[in-house]
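Novice: Enclosed is the structure file upload-v2.txt (compact mmCIF, C-alpha atoms).
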```txt
# COMPACT_ATOMS: atom_id res chain seq x y z
CA MET F 22 18.20 3.29 -6.68
CA SER F 23 15.12 1.10 -6.78
CA ASN F 24 15.99 -1.47 -4.14
CA TYR F 25 14.69 -1.27 -0.63
CA THR F 26 17.30 -1.00 2.11
CA HIS F 27 15.32 -0.71 5.34
CA LEU F 28 11.90 -2.25 5.95
CA LEU F 29 9.68 -1.43 8.88
CA LEU F 30 7.24 -4.23 9.74
CA ALA F 31 4.26 -3.01 11.73
CA VAL F 32 2.82 -5.86 13.77
CA ASP F 33 0.06 -6.42 16.24
CA PHE F 34 -0.26 -9.74 18.04
CA SER F 35 -3.09 -11.21 15.98
CA ALA F 36 -2.99 -14.37 13.89
CA THR F 37 -2.67 -12.23 10.75
CA ASN F 38 0.85 -11.19 11.71
CA ARG F 39 2.36 -14.14 9.97
CA HIS F 40 1.29 -12.85 6.54
CA VAL F 41 2.93 -9.49 7.15
CA ILE F 42 6.08 -11.08 8.56
CA ARG F 43 6.41 -13.62 5.74
CA LYS F 44 6.06 -11.00 3.04
CA GLY F 45 8.37 -8.62 4.85
CA LEU F 46 11.08 -11.24 5.31
CA ALA F 47 10.80 -12.39 1.69
CA LEU F 48 11.30 -8.80 0.53
CA ALA F 49 14.15 -8.20 2.95
CA GLU F 50 15.89 -11.31 1.71
CA ALA F 51 15.32 -10.43 -1.94
CA PHE F 52 16.78 -6.95 -1.50
CA GLY F 53 19.28 -7.63 1.27
CA ALA F 54 17.46 -5.05 3.34
CA ARG F 55 17.54 -4.29 7.05
CA VAL F 56 14.37 -5.01 9.03
CA SER F 57 12.93 -3.18 12.02
CA LEU F 58 9.78 -4.11 13.91
CA ILE F 59 7.25 -1.79 15.46
CA HIS F 60 4.27 -2.42 17.67
CA VAL F 61 2.12 0.44 18.87
CA VAL F 62 0.16 0.19 22.10
CA GLU F 63 -2.95 2.26 21.56
CA PHE F 64 -4.33 2.56 25.05
CA ALA F 65 -6.39 5.42 26.41
CA GLN F 66 -4.53 8.68 26.64
CA VAL F 67 -3.83 9.73 30.18
CA ASP F 68 -4.44 13.41 30.60
CA LEU F 69 -1.72 14.60 32.93
CA SER F 70 -3.49 17.89 33.50
CA ASN F 71 -6.44 16.03 34.99
CA GLU F 72 -6.03 15.73 38.73
CA LEU F 73 -8.27 12.68 38.76
CA VAL F 74 -5.58 10.60 37.07
CA MET F 75 -4.53 7.92 39.50
CA PRO F 76 -0.93 6.82 39.95
CA GLN F 77 -2.15 3.28 39.26
CA GLU F 78 -3.02 4.28 35.69
CA LEU F 79 0.53 5.32 34.97
CA GLU F 80 1.71 2.05 36.43
CA LEU F 81 -0.77 0.20 34.22
CA ASP F 82 0.68 1.97 31.18
CA GLN F 83 4.14 0.81 32.12
CA GLU F 84 2.89 -2.72 32.62
CA LEU F 85 1.17 -2.74 29.23
CA LEU F 86 4.31 -1.45 27.55
CA ALA F 87 6.45 -4.06 29.28
CA LEU F 88 4.00 -6.77 28.24
CA ALA F 89 4.06 -5.56 24.63
CA GLU F 90 7.86 -5.58 24.67
CA SER F 91 7.97 -9.12 25.88
CA ARG F 92 5.38 -10.27 23.32
CA LEU F 93 7.28 -8.52 20.51
CA GLN F 94 10.47 -10.23 21.59
CA ALA F 95 8.71 -13.61 21.59
CA LEU F 96 7.29 -12.92 18.13
CA ALA F 97 10.72 -11.96 16.82
CA GLU F 98 12.25 -15.13 18.25
CA GLU F 99 9.47 -17.27 16.80
CA HIS F 100 10.17 -15.94 13.30
CA GLY F 101 13.97 -15.89 13.47
CA MET F 102 14.12 -12.12 13.76
CA SER F 103 15.80 -11.82 17.15
CA GLU F 104 18.62 -9.72 15.76
CA TYR F 105 16.31 -7.08 14.28
CA ALA F 106 15.62 -3.76 15.95
CA ARG F 107 12.36 -3.76 17.92
CA HIS F 108 10.37 -0.68 18.80
CA VAL F 109 7.38 -0.56 21.12
CA ARG F 110 5.62 2.78 21.04
CA GLN F 111 2.60 4.19 22.79
CA GLY F 112 -0.02 6.42 21.17
CA SER F 113 -1.56 6.76 17.72
CA THR F 114 -0.57 3.84 15.48
CA LYS F 115 -0.40 6.03 12.40
CA ARG F 116 1.65 8.76 14.03
CA GLU F 117 4.10 6.41 15.70
CA ILE F 118 4.72 4.35 12.56
CA LEU F 119 5.25 7.44 10.41
CA HIS F 120 7.47 9.06 13.02
CA LEU F 121 9.69 6.02 13.40
CA ALA F 122 9.86 5.54 9.62
CA GLY F 123 11.08 9.10 9.17
CA GLU F 124 13.48 8.93 12.10
CA GLN F 125 15.06 5.66 10.97
CA GLY F 126 15.22 6.36 7.24
CA VAL F 127 12.88 3.49 6.44
CA ASP F 128 12.09 3.14 2.73
CA LEU F 129 9.26 0.62 2.94
CA ILE F 130 6.58 0.21 5.60
CA VAL F 131 4.94 -3.25 5.57
CA LEU F 132 1.63 -3.70 7.33
CA GLY F 133 -1.54 -5.72 7.19
CA SER F 134 -4.68 -4.58 5.43
CA HIS F 135 -8.10 -6.06 5.92
CA GLY F 136 -9.42 -4.71 2.63
CA ARG F 137 -12.24 -3.00 4.41
CA SER F 138 -14.66 -0.80 2.54
CA GLY F 139 -17.85 1.13 3.18
CA LEU F 140 -18.73 1.58 6.82
CA GLN F 141 -15.68 -0.31 8.04
CA LEU F 142 -13.52 2.07 6.04
CA LEU F 143 -15.18 5.08 7.62
CA LEU F 144 -14.48 3.59 11.02
CA GLY F 145 -10.81 3.77 10.23
CA SER F 146 -8.05 1.65 8.82
CA THR F 147 -4.43 1.72 9.88
CA ALA F 148 -3.21 0.87 6.38
CA ASN F 149 -5.16 3.75 4.92
CA ALA F 150 -4.04 6.17 7.61
CA VAL F 151 -0.39 5.23 7.16
CA LEU F 152 -0.62 5.40 3.38
CA HIS F 153 -1.56 9.04 3.61
CA GLY F 154 1.32 10.99 4.92
CA ALA F 155 3.91 8.23 4.60
CA PRO F 156 7.37 9.56 3.75
CA CYS F 157 8.13 6.34 1.88
CA ASP F 158 6.53 3.38 0.08
CA VAL F 159 3.88 1.32 1.84
CA LEU F 160 3.15 -2.35 1.22
CA ALA F 161 -0.31 -3.33 2.39
CA VAL F 162 -0.40 -7.08 2.85
CA ARG F 163 -3.90 -8.46 2.40
CA VAL F 164 -4.97 -10.43 5.44
CA LYS F 165 -8.27 -12.11 6.24
CA SER F 166 -10.09 -10.32 9.02
CA MET G 5 4.42 -19.22 -0.47
CA SER G 6 5.55 -15.66 0.20
CA ASN G 7 6.98 -14.75 -3.18
CA TYR G 8 5.08 -12.68 -5.66
CA THR G 9 4.41 -14.30 -9.02
CA HIS G 10 2.36 -11.76 -10.96
CA LEU G 11 2.63 -7.99 -10.57
CA LEU G 12 0.16 -5.51 -12.01
CA LEU G 13 1.67 -2.06 -12.57
CA ALA G 14 -0.96 0.66 -12.77
CA VAL G 15 0.40 3.58 -14.79
CA ASP G 16 -0.81 6.93 -15.99
CA PHE G 17 1.33 8.98 -18.37
CA SER G 18 2.72 11.44 -15.86
CA ALA G 19 6.37 11.98 -14.97
CA THR G 20 5.82 10.01 -11.75
CA ASN G 21 5.41 6.77 -13.69
CA ARG G 22 9.10 6.08 -13.60
CA HIS G 23 9.04 5.56 -9.82
CA VAL G 24 6.25 3.01 -10.07
CA ILE G 25 7.89 1.25 -12.99
CA ARG G 26 11.34 1.12 -11.37
CA LYS G 27 10.01 -0.34 -8.14
CA GLY G 28 7.78 -2.77 -9.99
CA LEU G 29 10.58 -4.03 -12.19
CA ALA G 30 12.98 -4.37 -9.24
CA LEU G 31 10.40 -6.49 -7.42
CA ALA G 32 9.63 -8.56 -10.51
CA GLU G 33 13.32 -9.25 -10.99
CA ALA G 34 13.85 -10.11 -7.33
CA PHE G 35 10.97 -12.61 -7.33
CA GLY G 36 11.10 -13.77 -10.95
CA ALA G 37 7.52 -12.55 -11.29
CA ARG G 38 5.40 -11.87 -14.36
CA VAL G 39 4.45 -8.25 -15.01
CA SER G 40 1.28 -6.83 -16.54
CA LEU G 41 0.56 -3.17 -17.19
CA ILE G 42 -2.74 -1.39 -16.89
CA HIS G 43 -3.82 2.10 -17.82
CA VAL G 44 -7.37 3.23 -17.20
CA VAL G 45 -8.92 5.97 -19.31
CA GLU G 46 -11.33 7.79 -17.02
CA PHE G 47 -13.31 9.90 -19.45
CA ALA G 48 -16.88 11.03 -19.02
CA GLN G 49 -19.39 8.21 -19.09
CA VAL G 50 -21.54 8.25 -22.18
CA ASP G 51 -25.09 7.53 -21.24
CA LEU G 52 -26.43 5.39 -24.06
CA SER G 53 -30.00 5.89 -22.90
CA ASN G 54 -29.68 9.61 -23.50
CA GLU G 55 -30.79 10.49 -26.99
CA LEU G 56 -28.63 13.61 -26.95
CA VAL G 57 -25.47 11.51 -27.12
CA MET G 58 -23.81 12.25 -30.43
CA PRO G 59 -22.14 9.60 -32.58
CA GLN G 60 -19.02 11.78 -32.50
CA GLU G 61 -18.68 11.15 -28.76
CA LEU G 62 -18.45 7.43 -29.29
CA GLU G 63 -15.84 8.03 -31.95
CA LEU G 64 -13.94 10.27 -29.53
CA ASP G 65 -13.96 7.44 -26.98
CA GLN G 66 -12.44 5.10 -29.51
CA GLU G 67 -9.83 7.70 -30.40
CA LEU G 68 -8.91 8.23 -26.76
CA LEU G 69 -8.58 4.51 -26.18
CA ALA G 70 -6.43 4.09 -29.28
CA LEU G 71 -4.25 6.99 -28.15
CA ALA G 72 -3.86 5.44 -24.67
CA GLU G 73 -2.92 2.12 -26.23
CA SER G 74 -0.24 3.71 -28.32
CA ARG G 75 1.13 5.69 -25.36
CA LEU G 76 1.19 2.58 -23.19
CA GLN G 77 3.06 0.71 -25.89
CA ALA G 78 5.60 3.55 -26.13
CA LEU G 79 6.01 3.56 -22.35
CA ALA G 80 6.55 -0.21 -22.31
CA GLU G 81 9.17 0.06 -25.06
CA GLU G 82 10.93 2.91 -23.28
CA HIS G 83 11.31 0.80 -20.13
CA GLY G 84 12.16 -2.52 -21.78
CA MET G 85 8.76 -4.01 -21.04
CA SER G 86 7.58 -4.64 -24.60
CA GLU G 87 6.97 -8.31 -23.93
CA TYR G 88 4.68 -7.69 -20.95
CA ALA G 89 0.91 -7.87 -21.22
CA ARG G 90 -0.70 -4.45 -21.62
CA HIS G 91 -4.27 -3.62 -20.73
CA VAL G 92 -6.06 -0.38 -21.53
CA ARG G 93 -9.42 -0.12 -19.85
CA GLN G 94 -12.13 2.50 -19.78
CA GLY G 95 -14.10 3.51 -16.71
CA SER G 96 -13.43 3.75 -12.98
CA THR G 97 -9.73 3.37 -12.22
CA LYS G 98 -10.38 1.50 -9.00
CA ARG G 99 -12.93 -0.88 -10.47
CA GLU G 100 -10.90 -1.67 -13.57
CA ILE G 101 -7.66 -2.31 -11.64
CA LEU G 102 -9.40 -4.57 -9.12
CA HIS G 103 -11.31 -6.40 -11.83
CA LEU G 104 -8.20 -7.09 -13.88
CA ALA G 105 -6.24 -8.11 -10.77
CA GLY G 106 -8.90 -10.67 -9.88
CA GLU G 107 -9.30 -11.90 -13.45
CA GLN G 108 -5.56 -12.37 -14.01
CA GLY G 109 -4.65 -13.83 -10.62
CA VAL G 110 -2.40 -10.90 -9.78
CA ASP G 111 -0.81 -11.12 -6.32
CA LEU G 112 0.62 -7.60 -6.09
CA ILE G 113 -0.75 -4.34 -7.45
CA VAL G 114 1.88 -1.59 -7.74
CA LEU G 115 0.73 2.00 -8.07
CA GLY G 116 1.77 5.54 -7.28
CA SER G 117 0.66 7.37 -4.17
CA HIS G 118 0.91 11.08 -3.65
CA GLY G 119 0.68 10.80 0.14
CA ARG G 120 -2.26 13.13 0.18
CA SER G 121 -4.06 13.88 3.39
CA GLY G 122 -6.83 16.11 4.69
CA LEU G 123 -8.93 17.74 2.03
CA GLN G 124 -7.01 16.13 -0.80
CA LEU G 125 -7.71 12.75 0.73
CA LEU G 126 -11.41 13.47 0.91
CA LEU G 127 -11.32 14.40 -2.76
CA GLY G 128 -10.22 10.89 -3.52
CA SER G 129 -7.07 8.90 -4.02
CA THR G 130 -6.62 6.00 -6.38
CA ALA G 131 -4.16 4.27 -4.06
CA ASN G 132 -6.61 4.46 -1.20
CA ALA G 133 -9.52 3.31 -3.31
CA VAL G 134 -7.58 0.32 -4.64
CA LEU G 135 -6.30 -0.60 -1.19
CA HIS G 136 -9.86 -1.09 -0.02
CA GLY G 137 -11.35 -4.03 -1.78
CA ALA G 138 -8.11 -5.32 -3.29
CA PRO G 139 -8.05 -9.11 -3.53
CA CYS G 140 -4.27 -9.08 -3.09
CA ASP G 141 -1.37 -7.05 -1.70
CA VAL G 142 -0.93 -3.44 -2.78
CA LEU G 143 2.38 -1.58 -2.97
CA ALA G 144 1.88 2.19 -2.89
CA VAL G 145 4.99 3.83 -4.31
CA ARG G 146 5.50 7.30 -2.90
CA VAL G 147 5.75 9.86 -5.68
CA LYS G 148 6.04 13.62 -5.55
CA SER G 149 2.88 15.30 -6.76
```
So, in terms of structure tokens, how does the structure I just supplied come out?

Specialist:
Amino acid sequence: MSNYTHLLLAVDFSATNRHVIRKGLALAEAFGARVSLIHVVEFAQVDLSNELVMPQELELDQELLALAESRLQALAEEHGMSEYARHVRQGSTKREILHLAGEQGVDLIVLGSHGRSGLQLLLGSTANAVLHGAPCDVLAVRVKS
Amino acid sequence: MSNYTHLLLAVDFSATNRHVIRKGLALAEAFGARVSLIHVVEFAQVDLSNELVMPQELELDQELLALAESRLQALAEEHGMSEYARHVRQGSTKREILHLAGEQGVDLIVLGSHGRSGLQLLLGSTANAVLHGAPCDVLAVRVKS
């Protein structure tokens, strides 16, 4: 079986999202595939063993997650994807994308790539991180940074 | 325009080729896209400024290239791709794939990825190398190494 059945579109809320979404939707239509959306909120880890952690920080986390959920919903509505499953996760972008892909039986992860090289590459790239360790195919959509 | 029009399939002659070819052909069919094939022969660079280089080595290069051309032709015939453009190049896999992609106006490079991480990643990965610096989208097809 060579057709894709379940695409996972990884989105942030930048202007480059539209490239990833367009390509993802074109592929989903071509293959009659399901689409899920993921956005990962990568805020500072709260160390629960640290007694200096303030209750306010945990509340801030919840607020950031709620904000991300509402932005993801707005993005989905804007692009006619309201009926697709949406997942907001907190933590490492790579780990959360790979975990959800494995959990949901995704066969293609679609995400944006800035085509970085050299120093920028050393500083880290989500596309590169996801590519290594992905349980499935990965489509890196070239976006202008 | 979100549809792909020209796919470049990067192939070696390993058993994992079939995954890359199947996915590439499914995409090409879905989008009515052109397909080109590339194989890069990565043999030792012959330093022409070095007087110790033997004429036999240049002949060996030509033999290796001719062999690669004949294997690529056989692969194309085996998968019903005889009518597609075939390119055998010599040198750095990354550089040759990116150069051809730019030259031919390719909008999607399709290649195999072994999902390496850690030490294996540090030792180099063609998928990763191509991802960085690619002028277009890159589909990394997950293959078992």

Novice: Set the distance at 10 Å and use only C-alpha atoms: which residues neighbour Ala122 in chain F once local chain neighbours fewer than 3 positions away are removed? I'd like the list as a list of chain:residue names.

Specialist: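 With the cut-off at 10 Å, the set is F:His27, F:Leu28, F:Leu29, F:Ser57, F:Ile59, F:Arg116, F:Glu117, F:Ile118, F:Leu119, F:Gln125, F:Gly126, F:Val127, F:Asp128, F:Leu129, F:Ile130, F:Ala155, F:Pro156, F:Cys157.
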
Novice: Using only C-alpha atoms, list the residues that have an atom at most 6 Å from (-10.4, 5.8, -7.0), coordinates as in the file, as an NGL selection string.

Specialist: :G and (97-98 or 129-130 or 133)

Novice: Go through F:Ser113, F:Leu88, F:Leu93, F:Glu80 one by one, measure the shortest atom-to-atom distance of each to Glu63 in chain F using all atoms listed in the file, and give the residue with the smallest value.

Specialist: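 Distance minimum relative to Glu63 in chain F lands on F:Ser113.
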
Novice: Could you check how far CA of Leu104 in chain G sits from CA of Phe35 in chain G, in Å to one decimal?

Specialist: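 That distance, rounded to one decimal, is 21.0 Å.
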
Novice: Counting all atoms listed in the file, a student should be able to say which residues of chain F come within 7 Å of chain G; what is the right answer, written as a compact mmCIF listing (two decimals) with C-alpha atoms, in the coordinates of the input?

Specialist:
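Output below, filename result-v2.txt:
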```
# COMPACT_ATOMS: atom_id res chain seq x y z
CA SER F 23 15.12 1.10 -6.78
CA ASN F 24 15.99 -1.47 -4.14
CA ARG F 43 6.41 -13.62 5.74
CA LYS F 44 6.06 -11.00 3.04
CA ALA F 47 10.80 -12.39 1.69
CA ALA F 51 15.32 -10.43 -1.94
CA GLY F 136 -9.42 -4.71 2.63
CA ARG F 137 -12.24 -3.00 4.41
CA SER F 138 -14.66 -0.80 2.54
CA ASN F 149 -5.16 3.75 4.92
CA LEU F 152 -0.62 5.40 3.38
CA HIS F 153 -1.56 9.04 3.61
CA GLY F 154 1.32 10.99 4.92
CA ALA F 155 3.91 8.23 4.60
CA CYS F 157 8.13 6.34 1.88
CA ASP F 158 6.53 3.38 0.08
CA VAL F 159 3.88 1.32 1.84
CA LEU F 160 3.15 -2.35 1.22
CA ALA F 161 -0.31 -3.33 2.39
CA VAL F 162 -0.40 -7.08 2.85
CA ARG F 163 -3.90 -8.46 2.40
```

Novice: Could you tell me how far CA of Ala14 in chain G lies from CA of Ala80 in chain G, in Å and to one decimal?

Specialist: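 These atoms are spaced 12.2 Å apart.
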
Novice: Find, counting all atoms listed in the file, the residue in F:Val62, F:His108, F:Leu86, F:Ser91 that gets nearest to Leu30 in chain F.

Specialist: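 Selected residue with least distance to Leu30 in chain F: F:His108.
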
Novice: Using all atoms listed in the file, give me every residue within 8 Å of (22.5, -2.0, 7.2) in file coordinates, as an NGL selection string.

Specialist: :F and (26-27 or 54-55)

Novice: So the first atom is CA of Gln77 in chain G and the second is CA of Ala89 in chain G; what is the distance between them in Å, to one decimal place?

Specialist: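 We find that CA of Gln77 in chain G and CA of Ala89 in chain G lie 10.0 Å from each other.
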